[in-house]
Each structure stands twice: as C-alpha cells, then as structure tokens.
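Novice: Structure file model08.pdb, PDB, C-alpha atoms, is pasted below:
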```pdb
MODEL        1
ATOM      1  CA  MET A   1       2.222 -86.437  26.172
ATOM      2  CA  ARG A   2       3.698 -88.113  29.191
ATOM      3  CA  ARG A   3       1.280 -91.039  28.730
ATOM      4  CA  ASP A   4       1.422 -91.182  24.932
ATOM      5  CA  SER A   5       4.182 -89.309  23.148
ATOM      6  CA  LYS A   6       2.742 -89.667  19.633
ATOM      7  CA  ILE A   7       2.415 -86.275  17.941
ATOM      8  CA  THR A   8       1.655 -84.712  14.590
ATOM      9  CA  GLY A   9       2.544 -81.155  13.629
ATOM     10  CA  LEU A  10       0.893 -79.511  10.624
ATOM     11  CA  VAL A  11       1.621 -76.321   8.689
ATOM     12  CA  GLU A  12      -0.578 -75.323   5.788
ATOM     13  CA  SER A  13      -0.953 -72.340   3.475
ATOM     14  CA  GLY A  14      -3.363 -71.304   0.734
ATOM     15  CA  ASP A  15      -6.920 -70.045   0.642
ATOM     16  CA  THR A  16      -8.391 -72.200  -2.111
ATOM     17  CA  TYR A  17      -7.944 -75.858  -3.017
ATOM     18  CA  ASP A  18      -5.651 -75.113  -5.972
ATOM     19  CA  GLN A  19      -3.350 -73.020  -3.707
ATOM     20  CA  LEU A  20      -2.968 -75.495  -0.828
ATOM     21  CA  LYS A  21       0.533 -76.408   0.307
ATOM     22  CA  GLY A  22       1.322 -78.248   3.483
ATOM     23  CA  LEU A  23       3.771 -80.165   5.605
ATOM     24  CA  GLU A  24       2.991 -82.746   8.270
ATOM     25  CA  LEU A  25       5.565 -83.984  10.773
ATOM     26  CA  VAL A  26       4.740 -87.304  12.437
ATOM     27  CA  GLY A  27       6.716 -88.667  15.353
ATOM     28  CA  SER A  28       7.073 -88.658  19.085
ATOM     29  CA  ALA A  29       7.238 -85.720  21.468
ATOM     30  CA  THR A  30       9.780 -84.879  24.100
ATOM     31  CA  ILE A  31       8.704 -82.397  26.763
ATOM     32  CA  VAL A  32      11.263 -79.659  27.401
ATOM     33  CA  ASP A  33      10.785 -78.311  30.921
ATOM     34  CA  ASP A  34      14.281 -77.091  31.768
ATOM     35  CA  TYR A  35      14.020 -73.345  32.465
ATOM     36  CA  ASP A  36      17.140 -72.392  30.488
ATOM     37  CA  ALA A  37      16.039 -74.438  27.474
ATOM     38  CA  VAL A  38      12.528 -72.949  27.564
ATOM     39  CA  LEU A  39      14.001 -69.438  27.844
ATOM     40  CA  ALA A  40      16.232 -70.162  24.831
ATOM     41  CA  ILE A  41      13.148 -71.233  22.853
ATOM     42  CA  GLY A  42      11.348 -68.037  23.877
ATOM     43  CA  LYS A  43      14.307 -65.908  22.810
ATOM     44  CA  ALA A  44      14.573 -67.684  19.456
ATOM     45  CA  VAL A  45      10.863 -67.265  18.728
ATOM     46  CA  GLY A  46      10.895 -63.635  19.849
ATOM     47  CA  LEU A  47      13.917 -62.848  17.693
ATOM     48  CA  LYS A  48      12.457 -64.585  14.630
ATOM     49  CA  TYR A  49       9.079 -62.861  14.742
ATOM     50  CA  ASN A  50       9.824 -59.519  16.432
ATOM     51  CA  GLY A  51      13.492 -58.791  15.775
ATOM     52  CA  ASP A  52      16.218 -57.682  18.155
ATOM     53  CA  GLY A  53      13.830 -55.681  20.350
ATOM     54  CA  ALA A  54      12.221 -58.918  21.541
ATOM     55  CA  ILE A  55      15.408 -59.963  23.305
ATOM     56  CA  SER A  56      16.510 -56.529  24.512
ATOM     57  CA  ASP A  57      17.280 -55.758  28.153
ATOM     58  CA  ALA A  58      13.812 -54.190  28.443
ATOM     59  CA  ALA A  59      12.059 -57.277  27.058
ATOM     60  CA  LEU A  60      14.117 -59.927  28.841
ATOM     61  CA  PRO A  61      12.201 -59.784  32.165
ATOM     62  CA  PHE A  62       8.990 -60.581  30.263
ATOM     63  CA  LEU A  63      10.612 -63.581  28.551
ATOM     64  CA  GLU A  64      12.047 -64.802  31.843
ATOM     65  CA  ALA A  65       8.641 -64.593  33.542
ATOM     66  CA  GLN A  66       7.012 -66.470  30.663
ATOM     67  CA  ALA A  67       9.690 -69.179  30.694
ATOM     68  CA  LYS A  68       8.937 -69.927  34.361
ATOM     69  CA  LYS A  69       5.391 -71.018  33.510
ATOM     70  CA  ARG A  70       5.863 -72.626  30.100
ATOM     71  CA  LEU A  71       7.397 -75.693  28.556
ATOM     72  CA  GLY A  72       8.529 -76.679  25.098
ATOM     73  CA  ILE A  73       7.726 -79.623  22.885
ATOM     74  CA  GLN A  74      10.385 -81.186  20.678
ATOM     75  CA  ILE A  75       9.119 -83.347  17.819
ATOM     76  CA  ASN A  76      11.336 -86.332  17.072
ATOM     77  CA  VAL A  77      10.362 -86.693  13.414
ATOM     78  CA  GLU A  78       9.760 -90.212  12.100
ATOM     79  CA  GLN A  79       7.823 -89.350   8.936
ATOM     80  CA  VAL A  80       7.348 -86.261   6.754
ATOM     81  CA  VAL A  81       4.326 -85.805   4.495
ATOM     82  CA  SER A  82       4.000 -82.824   2.158
ATOM     83  CA  TRP A  83       1.640 -81.626  -0.553
ATOM     84  CA  ASP A  84       1.547 -78.820  -3.081
ATOM     85  CA  HIS A  85      -1.674 -78.415  -5.062
ATOM     86  CA  THR A  86      -0.159 -75.640  -7.175
ATOM     87  CA  LYS A  87       1.727 -78.357  -9.062
ATOM     88  CA  ILE A  88      -1.450 -79.934 -10.424
ATOM     89  CA  GLY A  89      -2.305 -76.805 -12.399
ATOM     90  CA  GLY A  90      -6.034 -76.838 -11.690
ATOM     91  CA  GLY A  91      -6.411 -80.419 -12.920
ATOM     92  CA  TYR A  92      -8.165 -81.878  -9.911
TER      93      TYR A  92
ENDMDL
END
```
Reformat the file's structure so that it appears as structure tokens.
Specialist:
Amino acid sequence: MRRDSKITGLVESGDTYDQLKGLELVGSATIVDDYDAVLAIGKAVGLKYNGDGAISDAALPFLEAQAKKRLGIQINVEQVVSWDHTKIGGGY
C-alpha cells in the first residue's frame, strides 16, 4: 500500500445468483498507524459487533495490546459500484 495505494473493498451477500447483492468501493488507501486512532477503530469495531462489554474496563487491556501491533486502512472512495440481483426477479 505504501508503493501503490490503489484499493478495492467488496461486500457481498446472498447464497444463489438470484439473491446476490453487493457493493464495491474503489479508491486509494491511507494507512492509519497512529496508536490512538487504531485503538479508536478497535473500540468502534468491538462495540458494533460485541456490545458494551467489548469496551469495558476488563476488555480494554486486550484492545490496547492489539492496537500496539495493528494498523488501520482508510479507503478514500473514488467510485462506488453496487448490484442487486433480487431486482431482476429471476429473469437472468
């Protein structure tokens, strides 16, 4: 990423062709290596997926230790592509 910041992020759902939905983000990446910023990302992710317990006093030392050895990636979005096969009603 330091040599070439081009990046694509993809999220998809559905198990069969007629259920597929997706979103692609195309752009450039910025590496986030500031400890406080990485810790804030870890807290936000923990809170979103595991609730308040993920950022409790008991859990905070774990997040702090993880933040010391991780970094974040920020996608500066230049293009958005999406699809939703449920809209074609099986007519593919």
Novice: Please identify all polymer residues within 12 Å of Ala65 in chain A, counting all atoms listed in the file, omitting same-chain residues fewer than 3 positions from it, and present them as a PyMOL selection string.
Specialist: chain A and resi 35-36+38-39+42+59-62+68-70
Novice: So that I can check the surroundings of Gly72 in chain A, please list as a list in words every protein, DNA and RNA residue that reaches within 7 Å of it, counting all atoms listed in the file and ignoring chain neighbours fewer than 6 positions away.
Specialist: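 Here the answer would be Ile31, Val32, Asp33 and Val38 of chain A.
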Novice: Output the residue selection produced by the PyMOL selection byres ((chain A and resi 2) around 10) on the file above, formatted as a list in words.
Specialist: Met1, Arg3, Asp4, Ser5, Lys6, Ala29, Thr30 and Ile31 of chain A
Novice: What is the CA of Asp84 in chain A-CA of Leu47 in chain A distance in Å, reported with one decimal?
Specialist: 29.0 Å
Novice: On this file, the PyMOL selection byres ((chain A and resi 10) around 10) gives some set of residues; write that set as a list of chain:residue names.
Specialist: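 Here the PyMOL selection byres ((chain A and resi 10) around 10) matches A:Thr8, A:Gly9, A:Val11, A:Glu12, A:Gly22, A:Leu23, A:Glu24, A:Leu25, A:Val26, A:Val81, A:Ser82.
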Novice: With the file shown as input, list the residues that the PyMOL selection byres ((chain A and resi 17) around 10) selects, as a PDB file with C-alpha atoms, keeping the file's coordinate frame.
Specialist:
```
ATOM      1  CA  GLY A  14      -3.363 -71.304   0.734  1.00  0.00           C
ATOM      2  CA  ASP A  15      -6.920 -70.045   0.642  1.00  0.00           C
ATOM      3  CA  THR A  16      -8.391 -72.200  -2.111  1.00  0.00           C
ATOM      4  CA  ASP A  18      -5.651 -75.113  -5.972  1.00  0.00           C
ATOM      5  CA  GLN A  19      -3.350 -73.020  -3.707  1.00  0.00           C
ATOM      6  CA  LEU A  20      -2.968 -75.495  -0.828  1.00  0.00           C
ATOM      7  CA  LYS A  21       0.533 -76.408   0.307  1.00  0.00           C
ATOM      8  CA  ASP A  84       1.547 -78.820  -3.081  1.00  0.00           C
ATOM      9  CA  HIS A  85      -1.674 -78.415  -5.062  1.00  0.00           C
ATOM     10  CA  THR A  86      -0.159 -75.640  -7.175  1.00  0.00           C
ATOM     11  CA  GLY A  90      -6.034 -76.838 -11.690  1.00  0.00           C
ATOM     12  CA  TYR A  92      -8.165 -81.878  -9.911  1.00  0.00           C
TER      13      TYR A  92
END
```
Novice: When you count all atoms listed in the file, which of these residues is closest to Ser28 in chain A: A:Gln79, A:Ser56, A:Ser13, A:Gln66?
Specialist: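 Smallest separation from Ser28 in chain A among the options: A:Gln79.
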Novice: CA of Ala44 in chain A and CA of Val80 in chain A are how many Å apart?
Specialist: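 So the two atoms, CA of Ala44 in chain A and CA of Val80 in chain A, lie 23.6 Å apart.
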Novice: First collect every listed atom of range 45-52 of chain A; then fit an axis-aligned box around them, widen it by 6 Å on each side, and give centre and edge lengths in Å to one decimal, as JSON.
Specialist:
```
{"center_x": 12.6, "center_y": -62.5, "center_z": 17.2, "size_x": 19.1, "size_y": 21.6, "size_z": 17.2}
```
Novice: Using CA of Gly51 in chain A and CA of Ala67 in chain A as the two end points, give the distance in Å to one decimal.
Specialist: 18.6 Å
Novice: Hey, which of A:Leu63, A:Gln74, A:Gly27, A:Lys87 ends up closest to Val45 in chain A? Count only C-alpha atoms.
Specialist: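 Between A:Leu63, A:Gln74, A:Gly27, A:Lys87, the residue approaching Val45 in chain A most closely is A:Leu63.
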Novice: Complete range 52-63 of chain A at the level of N, CA and C atoms, written as a PDB file, keeping the file's coordinate frame.
Specialist:
```
ATOM      1  N   ASP A  52      15.317 -57.855  17.010  1.00  0.00           N
ATOM      2  CA  ASP A  52      16.218 -57.682  18.155  1.00  0.00           C
ATOM      3  C   ASP A  52      15.546 -57.101  19.392  1.00  0.00           C
ATOM      4  N   GLY A  53      14.516 -56.283  19.202  1.00  0.00           N
ATOM      5  CA  GLY A  53      13.830 -55.681  20.350  1.00  0.00           C
ATOM      6  C   GLY A  53      13.203 -56.708  21.278  1.00  0.00           C
ATOM      7  N   ALA A  54      12.869 -57.876  20.747  1.00  0.00           N
ATOM      8  CA  ALA A  54      12.221 -58.918  21.541  1.00  0.00           C
ATOM      9  C   ALA A  54      13.158 -59.547  22.564  1.00  0.00           C
ATOM     10  N   ILE A  55      14.458 -59.389  22.351  1.00  0.00           N
ATOM     11  CA  ILE A  55      15.408 -59.963  23.305  1.00  0.00           C
ATOM     12  C   ILE A  55      16.274 -58.882  23.949  1.00  0.00           C
ATOM     13  N   SER A  56      15.782 -57.649  23.915  1.00  0.00           N
ATOM     14  CA  SER A  56      16.510 -56.529  24.512  1.00  0.00           C
ATOM     15  C   SER A  56      16.474 -56.620  26.036  1.00  0.00           C
ATOM     16  N   ASP A  57      17.273 -55.793  26.684  1.00  0.00           N
ATOM     17  CA  ASP A  57      17.280 -55.758  28.153  1.00  0.00           C
ATOM     18  C   ASP A  57      15.901 -55.412  28.706  1.00  0.00           C
ATOM     19  N   ALA A  58      15.159 -54.572  27.987  1.00  0.00           N
ATOM     20  CA  ALA A  58      13.812 -54.190  28.443  1.00  0.00           C
ATOM     21  C   ALA A  58      12.831 -55.349  28.318  1.00  0.00           C
ATOM     22  N   ALA A  59      13.003 -56.176  27.303  1.00  0.00           N
ATOM     23  CA  ALA A  59      12.059 -57.277  27.058  1.00  0.00           C
ATOM     24  C   ALA A  59      12.424 -58.549  27.818  1.00  0.00           C
ATOM     25  N   LEU A  60      13.665 -58.690  28.208  1.00  0.00           N
ATOM     26  CA  LEU A  60      14.117 -59.927  28.841  1.00  0.00           C
ATOM     27  C   LEU A  60      13.338 -60.310  30.099  1.00  0.00           C
ATOM     28  N   PRO A  61      12.984 -59.383  30.990  1.00  0.00           N
ATOM     29  CA  PRO A  61      12.201 -59.784  32.165  1.00  0.00           C
ATOM     30  C   PRO A  61      10.862 -60.435  31.791  1.00  0.00           C
ATOM     31  N   PHE A  62      10.236 -59.968  30.728  1.00  0.00           N
ATOM     32  CA  PHE A  62       8.990 -60.581  30.263  1.00  0.00           C
ATOM     33  C   PHE A  62       9.243 -62.012  29.822  1.00  0.00           C
ATOM     34  N   LEU A  63      10.290 -62.225  29.014  1.00  0.00           N
ATOM     35  CA  LEU A  63      10.612 -63.581  28.551  1.00  0.00           C
ATOM     36  C   LEU A  63      10.949 -64.507  29.713  1.00  0.00           C
TER      37      LEU A  63
END
```
